[in-house]
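Asks: This one is model.cif, mmCIF, C-alpha atoms, pLDDT in the B column; chains and numbers go by the auth columns.
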```cif
data_input
loop_
_atom_site.group_PDB
_atom_site.id
_atom_site.type_symbol
_atom_site.label_atom_id
_atom_site.label_comp_id
_atom_site.label_asym_id
_atom_site.label_seq_id
_atom_site.Cartn_x
_atom_site.Cartn_y
_atom_site.Cartn_z
_atom_site.B_iso_or_equiv
_atom_site.auth_seq_id
_atom_site.auth_asym_id
ATOM 1 C CA LYS A 1 26.826 -24.483 -31.381 62.00 1 A
ATOM 2 C CA ALA A 2 24.992 -25.452 -28.222 77.00 2 A
ATOM 3 C CA GLY A 3 21.890 -23.503 -27.293 94.00 3 A
ATOM 4 C CA VAL A 4 20.672 -22.317 -23.935 97.00 4 A
ATOM 5 C CA THR A 5 20.488 -25.143 -21.423 97.00 5 A
ATOM 6 C CA GLN A 6 18.137 -25.075 -18.470 98.00 6 A
ATOM 7 C CA THR A 7 18.012 -27.638 -15.708 97.00 7 A
ATOM 8 C CA PRO A 8 15.992 -29.297 -14.451 98.00 8 A
ATOM 9 C CA ARG A 9 13.235 -29.513 -17.058 97.00 9 A
ATOM 10 C CA TYR A 10 10.516 -30.377 -14.568 97.00 10 A
ATOM 11 C CA LEU A 11 10.122 -29.855 -10.842 97.00 11 A
ATOM 12 C CA ILE A 12 7.403 -30.595 -8.343 98.00 12 A
ATOM 13 C CA LYS A 13 7.690 -28.845 -4.981 98.00 13 A
ATOM 14 C CA THR A 14 5.421 -28.314 -2.026 98.00 14 A
ATOM 15 C CA ARG A 15 4.372 -24.974 -0.609 98.00 15 A
ATOM 16 C CA GLY A 16 6.950 -23.396 1.646 98.00 16 A
ATOM 17 C CA GLN A 17 9.911 -25.121 0.054 98.00 17 A
ATOM 18 C CA GLN A 18 12.581 -23.365 -1.967 98.00 18 A
ATOM 19 C CA VAL A 19 13.869 -24.162 -5.417 98.00 19 A
ATOM 20 C CA THR A 20 16.957 -23.358 -7.483 98.00 20 A
ATOM 21 C CA LEU A 21 16.899 -23.340 -11.269 98.00 21 A
ATOM 22 C CA SER A 22 19.972 -23.284 -13.473 98.00 22 A
ATOM 23 C CA CYS A 23 20.713 -21.745 -16.862 98.00 23 A
ATOM 24 C CA SER A 24 23.791 -22.103 -19.056 98.00 24 A
ATOM 25 C CA PRO A 25 23.789 -19.473 -21.820 97.00 25 A
ATOM 26 C CA ILE A 26 25.084 -19.837 -25.347 97.00 26 A
ATOM 27 C CA SER A 27 28.865 -19.835 -25.380 95.00 27 A
ATOM 28 C CA GLY A 28 30.137 -16.262 -25.541 93.00 28 A
ATOM 29 C CA HIS A 29 26.878 -14.747 -24.335 94.00 29 A
ATOM 30 C CA ARG A 30 27.223 -12.655 -21.227 93.00 30 A
ATOM 31 C CA SER A 31 23.662 -11.563 -20.563 93.00 31 A
ATOM 32 C CA VAL A 32 21.148 -13.887 -18.948 96.00 32 A
ATOM 33 C CA SER A 33 17.553 -12.875 -18.346 96.00 33 A
ATOM 34 C CA TRP A 34 14.847 -14.808 -16.560 98.00 34 A
ATOM 35 C CA TYR A 35 11.148 -14.800 -17.358 98.00 35 A
ATOM 36 C CA GLN A 36 8.083 -16.380 -15.833 98.00 36 A
ATOM 37 C CA GLN A 37 5.328 -17.610 -18.130 98.00 37 A
ATOM 38 C CA THR A 38 1.835 -18.373 -16.873 96.00 38 A
ATOM 39 C CA PRO A 39 -1.453 -18.742 -18.778 91.00 39 A
ATOM 40 C CA GLY A 40 -2.928 -15.751 -16.991 86.00 40 A
ATOM 41 C CA GLN A 41 -0.029 -13.280 -17.090 90.00 41 A
ATOM 42 C CA GLY A 42 1.934 -14.382 -20.123 92.00 42 A
ATOM 43 C CA LEU A 43 5.682 -13.798 -20.171 96.00 43 A
ATOM 44 C CA GLN A 44 6.875 -11.572 -17.345 96.00 44 A
ATOM 45 C CA PHE A 45 10.428 -10.308 -16.871 95.00 45 A
ATOM 46 C CA LEU A 46 12.078 -11.381 -13.612 97.00 46 A
ATOM 47 C CA PHE A 47 15.641 -10.053 -13.831 94.00 47 A
ATOM 48 C CA GLU A 48 18.725 -9.728 -15.985 94.00 48 A
ATOM 49 C CA TYR A 49 22.323 -10.469 -15.161 94.00 49 A
ATOM 50 C CA PHE A 50 25.320 -9.233 -17.077 92.00 50 A
ATOM 51 C CA SER A 51 28.928 -9.743 -16.024 90.00 51 A
ATOM 52 C CA GLU A 52 27.804 -11.164 -12.677 94.00 52 A
ATOM 53 C CA THR A 53 25.778 -8.018 -11.879 91.00 53 A
ATOM 54 C CA GLN A 54 22.020 -7.732 -11.710 91.00 54 A
ATOM 55 C CA ARG A 55 21.194 -5.026 -14.227 89.00 55 A
ATOM 56 C CA ASN A 56 17.429 -4.924 -13.923 88.00 56 A
ATOM 57 C CA LYS A 57 14.660 -6.474 -11.877 91.00 57 A
ATOM 58 C CA GLY A 58 11.006 -6.977 -12.660 92.00 58 A
ATOM 59 C CA ASN A 59 8.049 -6.510 -10.376 94.00 59 A
ATOM 60 C CA PHE A 60 8.339 -9.709 -8.362 97.00 60 A
ATOM 61 C CA PRO A 61 8.606 -10.189 -4.596 97.00 61 A
ATOM 62 C CA GLY A 62 11.944 -10.573 -2.874 96.00 62 A
ATOM 63 C CA ARG A 63 11.387 -14.336 -2.683 98.00 63 A
ATOM 64 C CA PHE A 64 12.676 -14.393 -6.242 98.00 64 A
ATOM 65 C CA SER A 65 16.415 -13.933 -6.491 97.00 65 A
ATOM 66 C CA GLY A 66 19.222 -14.829 -8.813 97.00 66 A
ATOM 67 C CA ARG A 67 22.903 -14.706 -9.443 97.00 67 A
ATOM 68 C CA GLN A 68 25.403 -15.110 -12.225 98.00 68 A
ATOM 69 C CA PHE A 69 28.765 -16.767 -12.102 97.00 69 A
ATOM 70 C CA SER A 70 32.008 -15.785 -13.787 96.00 70 A
ATOM 71 C CA ASN A 71 31.358 -18.302 -16.598 95.00 71 A
ATOM 72 C CA SER A 72 28.006 -16.537 -17.271 96.00 72 A
ATOM 73 C CA ARG A 73 25.948 -19.430 -15.958 98.00 73 A
ATOM 74 C CA SER A 74 23.039 -18.208 -13.899 98.00 74 A
ATOM 75 C CA GLU A 75 20.806 -19.531 -11.189 98.00 75 A
ATOM 76 C CA MET A 76 17.508 -18.282 -9.901 98.00 76 A
ATOM 77 C CA ASN A 77 16.081 -19.122 -6.523 98.00 77 A
ATOM 78 C CA VAL A 78 12.539 -18.963 -5.259 98.00 78 A
ATOM 79 C CA SER A 79 12.066 -19.265 -1.527 96.00 79 A
ATOM 80 C CA THR A 80 8.916 -20.032 0.442 97.00 80 A
ATOM 81 C CA LEU A 81 7.103 -21.340 -2.608 98.00 81 A
ATOM 82 C CA GLU A 82 3.455 -20.469 -3.147 98.00 82 A
ATOM 83 C CA LEU A 83 0.899 -22.197 -5.345 97.00 83 A
ATOM 84 C CA GLY A 84 0.941 -19.161 -7.631 97.00 84 A
ATOM 85 C CA ASP A 85 4.612 -19.717 -8.400 98.00 85 A
ATOM 86 C CA SER A 86 3.650 -22.665 -10.588 98.00 86 A
ATOM 87 C CA ALA A 87 4.824 -21.617 -14.032 98.00 87 A
ATOM 88 C CA LEU A 88 7.249 -22.159 -16.857 98.00 88 A
ATOM 89 C CA TYR A 89 10.498 -20.407 -16.015 98.00 89 A
ATOM 90 C CA LEU A 90 12.481 -19.372 -19.045 98.00 90 A
ATOM 91 C CA CYS A 91 16.040 -18.225 -19.340 98.00 91 A
ATOM 92 C CA ALA A 92 17.130 -16.028 -22.238 97.00 92 A
ATOM 93 C CA SER A 93 20.712 -15.601 -23.410 96.00 93 A
ATOM 94 C CA SER A 94 22.065 -12.543 -25.228 93.00 94 A
ATOM 95 C CA ILE A 95 25.553 -11.756 -26.421 89.00 95 A
ATOM 96 C CA ARG A 96 25.439 -8.310 -24.827 82.00 96 A
ATOM 97 C CA THR A 97 23.039 -6.057 -22.979 80.00 97 A
ATOM 98 C CA GLY A 98 21.334 -2.840 -23.955 75.00 98 A
ATOM 99 C CA GLY A 99 19.260 -2.374 -27.094 73.00 99 A
ATOM 100 C CA ASN A 100 19.431 -4.116 -30.454 82.00 100 A
ATOM 101 C CA THR A 101 20.470 -7.501 -29.212 87.00 101 A
ATOM 102 C CA GLU A 102 18.638 -10.752 -29.791 92.00 102 A
ATOM 103 C CA ALA A 103 17.594 -13.023 -26.943 94.00 103 A
ATOM 104 C CA PHE A 104 17.437 -16.799 -27.291 96.00 104 A
ATOM 105 C CA PHE A 105 15.419 -18.917 -24.920 98.00 105 A
ATOM 106 C CA GLY A 106 16.178 -22.226 -23.315 98.00 106 A
ATOM 107 C CA GLN A 107 13.665 -25.063 -23.098 97.00 107 A
ATOM 108 C CA GLY A 108 12.435 -23.814 -19.742 98.00 108 A
ATOM 109 C CA THR A 109 11.850 -25.364 -16.354 98.00 109 A
ATOM 110 C CA ARG A 110 8.272 -26.335 -15.603 98.00 110 A
ATOM 111 C CA LEU A 111 7.713 -25.772 -11.870 98.00 111 A
ATOM 112 C CA THR A 112 4.632 -27.169 -10.190 98.00 112 A
ATOM 113 C CA VAL A 113 3.931 -26.194 -6.589 98.00 113 A
ATOM 114 C CA VAL A 114 1.487 -28.443 -4.732 97.00 114 A
ATOM 115 C CA GLN B 1 -3.170 0.497 -21.596 63.00 1 B
ATOM 116 C CA LYS B 2 -0.964 -2.555 -21.974 71.00 2 B
ATOM 117 C CA GLU B 3 2.613 -1.878 -22.996 91.00 3 B
ATOM 118 C CA VAL B 4 2.524 -4.364 -25.878 95.00 4 B
ATOM 119 C CA GLU B 5 -0.791 -5.377 -27.379 95.00 5 B
ATOM 120 C CA GLN B 6 -1.660 -8.197 -29.728 95.00 6 B
ATOM 121 C CA ASN B 7 -4.931 -9.672 -30.877 88.00 7 B
ATOM 122 C CA SER B 8 -5.179 -13.000 -29.085 84.00 8 B
ATOM 123 C CA GLY B 9 -6.894 -14.682 -32.034 86.00 9 B
ATOM 124 C CA PRO B 10 -7.232 -17.355 -33.050 93.00 10 B
ATOM 125 C CA LEU B 11 -6.302 -16.200 -36.516 96.00 11 B
ATOM 126 C CA SER B 12 -7.332 -18.881 -38.970 97.00 12 B
ATOM 127 C CA VAL B 13 -5.925 -18.891 -42.504 97.00 13 B
ATOM 128 C CA PRO B 14 -5.976 -21.536 -45.237 98.00 14 B
ATOM 129 C CA GLU B 15 -2.797 -23.266 -46.271 98.00 15 B
ATOM 130 C CA GLY B 16 -0.869 -21.207 -48.816 98.00 16 B
ATOM 131 C CA ALA B 17 -2.397 -17.887 -47.754 98.00 17 B
ATOM 132 C CA ILE B 18 -0.662 -14.907 -46.153 98.00 18 B
ATOM 133 C CA ALA B 19 -0.999 -14.631 -42.396 97.00 19 B
ATOM 134 C CA SER B 20 -0.770 -11.109 -40.987 97.00 20 B
ATOM 135 C CA LEU B 21 0.009 -10.629 -37.315 97.00 21 B
ATOM 136 C CA ASN B 22 -0.034 -7.217 -35.687 97.00 22 B
ATOM 137 C CA CYS B 23 1.383 -5.677 -32.545 97.00 23 B
ATOM 138 C CA THR B 24 1.265 -2.185 -31.043 97.00 24 B
ATOM 139 C CA TYR B 25 3.431 -0.780 -28.282 96.00 25 B
ATOM 140 C CA SER B 26 3.118 2.202 -26.001 94.00 26 B
ATOM 141 C CA ASP B 27 6.694 3.305 -25.211 90.00 27 B
ATOM 142 C CA ARG B 28 8.111 5.616 -27.889 90.00 28 B
ATOM 143 C CA GLY B 29 11.601 4.927 -26.543 87.00 29 B
ATOM 144 C CA SER B 30 11.406 1.302 -27.679 89.00 30 B
ATOM 145 C CA GLN B 31 14.253 0.463 -29.988 89.00 31 B
ATOM 146 C CA SER B 32 14.160 -3.178 -30.950 93.00 32 B
ATOM 147 C CA PHE B 33 11.333 -5.508 -31.832 96.00 33 B
ATOM 148 C CA PHE B 34 11.117 -9.256 -31.964 97.00 34 B
ATOM 149 C CA TRP B 35 8.779 -11.975 -33.091 98.00 35 B
ATOM 150 C CA TYR B 36 8.874 -15.307 -31.339 98.00 36 B
ATOM 151 C CA ARG B 37 7.014 -18.458 -32.273 98.00 37 B
ATOM 152 C CA GLN B 38 5.890 -20.745 -29.481 98.00 38 B
ATOM 153 C CA TYR B 39 4.455 -24.175 -30.066 97.00 39 B
ATOM 154 C CA SER B 40 2.244 -25.605 -27.351 95.00 40 B
ATOM 155 C CA GLY B 41 4.336 -26.902 -24.470 93.00 41 B
ATOM 156 C CA LYS B 42 7.579 -25.524 -25.921 95.00 42 B
ATOM 157 C CA SER B 43 9.693 -22.447 -25.300 97.00 43 B
ATOM 158 C CA PRO B 44 9.648 -19.327 -27.526 98.00 44 B
ATOM 159 C CA GLU B 45 11.793 -19.470 -30.650 97.00 45 B
ATOM 160 C CA LEU B 46 13.113 -16.242 -32.189 97.00 46 B
ATOM 161 C CA ILE B 47 12.041 -15.990 -35.822 97.00 47 B
ATOM 162 C CA MET B 48 12.466 -12.307 -36.710 96.00 48 B
ATOM 163 C CA PHE B 49 13.896 -9.114 -35.295 96.00 49 B
ATOM 164 C CA ILE B 50 13.764 -5.586 -36.637 96.00 50 B
ATOM 165 C CA TYR B 51 15.437 -2.419 -35.438 94.00 51 B
ATOM 166 C CA SER B 52 14.736 0.156 -38.181 94.00 52 B
ATOM 167 C CA ASN B 53 11.587 1.482 -39.794 96.00 53 B
ATOM 168 C CA GLY B 54 10.494 -0.408 -42.881 97.00 54 B
ATOM 169 C CA ASP B 55 10.407 -4.011 -43.947 97.00 55 B
ATOM 170 C CA LYS B 56 12.770 -6.853 -43.244 97.00 56 B
ATOM 171 C CA GLU B 57 12.414 -10.127 -45.116 97.00 57 B
ATOM 172 C CA ASP B 58 13.724 -13.566 -44.203 96.00 58 B
ATOM 173 C CA GLY B 59 12.417 -16.412 -46.314 97.00 59 B
ATOM 174 C CA ARG B 60 8.642 -16.608 -45.967 98.00 60 B
ATOM 175 C CA PHE B 61 8.652 -14.082 -43.107 98.00 61 B
ATOM 176 C CA THR B 62 8.515 -10.297 -43.361 98.00 62 B
ATOM 177 C CA ALA B 63 8.642 -8.011 -40.359 98.00 63 B
ATOM 178 C CA GLN B 64 7.370 -4.459 -40.728 98.00 64 B
ATOM 179 C CA LEU B 65 8.084 -1.616 -38.326 97.00 65 B
ATOM 180 C CA ASN B 66 6.478 1.814 -38.146 97.00 66 B
ATOM 181 C CA LYS B 67 7.845 3.721 -35.165 95.00 67 B
ATOM 182 C CA ALA B 68 5.727 6.809 -35.818 95.00 68 B
ATOM 183 C CA SER B 69 2.554 4.717 -35.507 96.00 69 B
ATOM 184 C CA GLN B 70 4.093 2.445 -32.876 96.00 70 B
ATOM 185 C CA TYR B 71 3.244 -0.792 -34.557 96.00 71 B
ATOM 186 C CA VAL B 72 5.104 -3.814 -35.773 98.00 72 B
ATOM 187 C CA SER B 73 3.726 -6.615 -37.879 98.00 73 B
ATOM 188 C CA LEU B 74 4.718 -10.039 -39.121 98.00 74 B
ATOM 189 C CA LEU B 75 3.655 -11.438 -42.463 98.00 75 B
ATOM 190 C CA ILE B 76 3.940 -15.145 -43.165 98.00 76 B
ATOM 191 C CA ARG B 77 3.675 -15.989 -46.857 98.00 77 B
ATOM 192 C CA ASP B 78 2.609 -19.392 -48.148 98.00 78 B
ATOM 193 C CA SER B 79 1.407 -20.390 -44.687 98.00 79 B
ATOM 194 C CA GLN B 80 1.865 -24.044 -43.785 98.00 80 B
ATOM 195 C CA PRO B 81 0.099 -26.149 -41.138 97.00 81 B
ATOM 196 C CA SER B 82 3.478 -26.328 -39.379 97.00 82 B
ATOM 197 C CA ASP B 83 3.244 -22.551 -38.860 98.00 83 B
ATOM 198 C CA SER B 84 0.325 -23.118 -36.483 98.00 84 B
ATOM 199 C CA ALA B 85 1.548 -21.760 -33.157 97.00 85 B
ATOM 200 C CA THR B 86 1.329 -18.758 -30.863 97.00 86 B
ATOM 201 C CA TYR B 87 3.279 -15.753 -32.125 98.00 87 B
ATOM 202 C CA LEU B 88 4.660 -13.459 -29.478 98.00 88 B
ATOM 203 C CA CYS B 89 5.629 -9.862 -30.122 97.00 89 B
ATOM 204 C CA ALA B 90 8.374 -8.541 -27.840 96.00 90 B
ATOM 205 C CA VAL B 91 9.717 -5.029 -27.451 95.00 91 B
ATOM 206 C CA ASN B 92 13.014 -3.942 -25.911 91.00 92 B
ATOM 207 C CA THR B 93 13.206 -0.492 -24.409 81.00 93 B
ATOM 208 C CA PRO B 94 16.775 -0.039 -23.226 77.00 94 B
ATOM 209 C CA LEU B 95 17.171 1.145 -19.691 75.00 95 B
ATOM 210 C CA TYR B 96 20.235 2.683 -18.164 70.00 96 B
ATOM 211 C CA SER B 97 21.066 2.455 -14.498 65.00 97 B
ATOM 212 C CA PHE B 98 24.134 3.106 -12.423 62.00 98 B
ATOM 213 C CA SER B 99 25.378 -0.327 -13.448 62.00 99 B
ATOM 214 C CA GLY B 100 24.935 0.326 -17.146 68.00 100 B
ATOM 215 C CA ALA B 101 22.568 -0.618 -19.922 73.00 101 B
ATOM 216 C CA THR B 102 20.116 -3.452 -19.556 80.00 102 B
ATOM 217 C CA ASN B 103 17.846 -5.704 -21.580 79.00 103 B
ATOM 218 C CA LYS B 104 14.196 -6.076 -20.710 87.00 104 B
ATOM 219 C CA LEU B 105 11.784 -7.596 -23.154 92.00 105 B
ATOM 220 C CA ILE B 106 8.134 -6.718 -22.773 94.00 106 B
ATOM 221 C CA PHE B 107 5.917 -9.338 -24.371 96.00 107 B
ATOM 222 C CA GLY B 108 2.447 -9.196 -25.783 96.00 108 B
ATOM 223 C CA THR B 109 0.043 -11.951 -24.853 95.00 109 B
ATOM 224 C CA GLY B 110 0.512 -13.608 -28.228 96.00 110 B
ATOM 225 C CA THR B 111 -1.665 -14.387 -31.243 97.00 111 B
ATOM 226 C CA LEU B 112 -2.692 -17.960 -31.867 97.00 112 B
ATOM 227 C CA LEU B 113 -2.341 -18.781 -35.565 97.00 113 B
ATOM 228 C CA ALA B 114 -4.127 -21.787 -37.037 97.00 114 B
ATOM 229 C CA VAL B 115 -3.296 -22.744 -40.626 97.00 115 B
ATOM 230 C CA GLN B 116 -5.994 -24.965 -42.081 96.00 116 B
ATOM 231 C CA PRO B 117 -4.852 -27.687 -44.555 94.00 117 B
#
```
Can the structure from this file be put into structure tokens for me?
Replies:
Amino acid sequence: KAGVTQTPRYLIKTRGQQVTLSCSPISGHRSVSWYQQTPGQGLQFLFEYFSETQRNKGNFPGRFSGRQFSNSRSEMNVSTLELGDSALYLCASSIRTGGNTEAFFGQGTRLTVV
Amino acid sequence: QKEVEQNSGPLSVPEGAIASLNCTYSDRGSQSFFWYRQYSGKSPELIMFIYSNGDKEDGRFTAQLNKASQYVSLLIRDSQPSDSATYLCAVNTPLYSFSGATNKLIFGTGTLLAVQP
């Protein structure tokens, strides 16, 4: 059974550019959540999508957005990149939403903003 | 007060010993609790989850949950050098909005475990 697939694995962008990251969840999983991991802040929740609807959003500026497609694949977009957006972006896949459901992470996308 | 707190470590134990990792959380509405292992440069890997008070065992790992005291712990028996990693505690407090239920994991900052050969 294939795991969570994130593409690309590495990205280098310059300030002011925008970037789109992709996540394919485990087959049959309908919930996709995105997290940002930095050395200073640890793992921070960005947003969750379930059945193509954003169910929850973390405390991030509007430059961070996402969407989910009918096949449960998800993308997140960051516009007007800042140096502080350099981080590991992780996607987590769950079979359902709500409590008592396990989340499995992809390998992550390492974004460097220069 | 942080929502999920862990001792950052490093926690150093000799090979073969029991490693004990602890985590406290602030939201009494939290329902599900997870332990992830993260090797340097890699993504978090789910190793244990627990939803009810008490102990849950899986191989060398035991998760313990005490909702009244708002703490969850992870015991690793017969620790191996390959267990050396950062262990992240995560808590899910279900939220309900007009669009339905939602997942949101709140993570601790992680405890670095070093198992000495």
Asks: Applying 7 Å and all atoms listed in the file, which residues near Val113 of chain A remain after dropping the ones on its own chain fewer than 3 positions away? List them as a PyMOL selection string.
Replies: chain A and resi 12-15+82-83+85-86
Asks: List, as number ranges by chain, every residue that the PyMOL selection byres ((chain A) within 6 of (chain B)) selects in the file provided.
Replies: A: 42, 55, 97-100, 107
Asks: Any chance you could work out the residue set of the PyMOL selection byres ((chain B and resi 66) around 12) here, as a ChimeraX atom specification?
Replies: /B:22-25,28,30-33,50-56,63-65,67-73
Asks: Got a sec to resolve the PyMOL selection byres ((chain A and resi 70) around 12) on this structure and send the residues as a ChimeraX atom specification?
Replies: /A:24,28-31,49-53,67-69,71-74
Asks: Considering all atoms listed in the file, state which residue in the set A:Leu43, A:Val32, A:Val114, A:Met76 is at the smallest distance from Thr7 of chain A.
Replies: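 Nearest to Thr7 of chain A: A:Met76.
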Asks: Just the residues within 9 Å of Pro14 of chain B, please, counting only C-alpha atoms, with nothing from its chain fewer than 3 positions along; format it as a list in words.
Replies: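 Surrounding residues, per the criterion: Ala17, Ile18, Ala19, Ser79, Gln80, Pro81, Ala114, Val115, Gln116 and Pro117 of chain B.
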Asks: When you look at segment 103-106 of chain A with a cut-off of 6 Å (counting only C-alpha atoms), what residues show up, excluding the ones that are within fewer than 4 positions of it in the same chain? I need them as a list in words.
Replies: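 The residues satisfying every condition are Val4, Thr5, Gln6, Cys91, Ala92, Ser93 and Ser94 of chain A.
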Asks: Could you jot down the atom CA of Thr111 of chain B to atom CA of Gly40 of chain A separation for me, Å, one decimal place?
Replies: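 Interatomic distance here is 14.4 Å.
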Asks: At a cut-off of 7 Å, using all atoms listed in the file, what residues contact Leu113 of chain B? Leave out same-chain residues fewer than 2 positions from it and give the result as a list in words.
Replies: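 The residues satisfying every condition are Pro10, Leu11, Ser12, Ser84, Ala85, Thr86, Thr111 and Val115 of chain B.
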Asks: Could you please determine the separation between atom CA of Leu111 of chain A and atom CA of Trp35 of chain B in Å, to one decimal place?
Replies: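 Rounded to one decimal, the two atoms are 25.3 Å apart.
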Asks: Distance atom CA of Glu3 of chain B-atom CA of Asp27 of chain B, one decimal place?
Replies: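 Separation between atom CA of Glu3 of chain B and atom CA of Asp27 of chain B: 7.0 Å.
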Asks: Extract, using only C-alpha atoms, all DNA, RNA and protein residues at most 7 Å from Gln44 of chain A, discarding same-chain residues fewer than 5 positions from it, and format them as a list of chain:residue names.
Replies: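 Contacts, in chain order: A:Tyr35, A:Gln36, A:Gln37.
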Asks: Identify which of the residues B:Ser26, B:Asp78, B:Ile47, B:Tyr87 lies closest to Glu102 of chain A, counting all atoms listed in the file when measuring atom-to-atom distances.
Replies: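 When distances to Glu102 of chain A are compared using all atoms listed in the file, the smallest one comes from B:Ile47.
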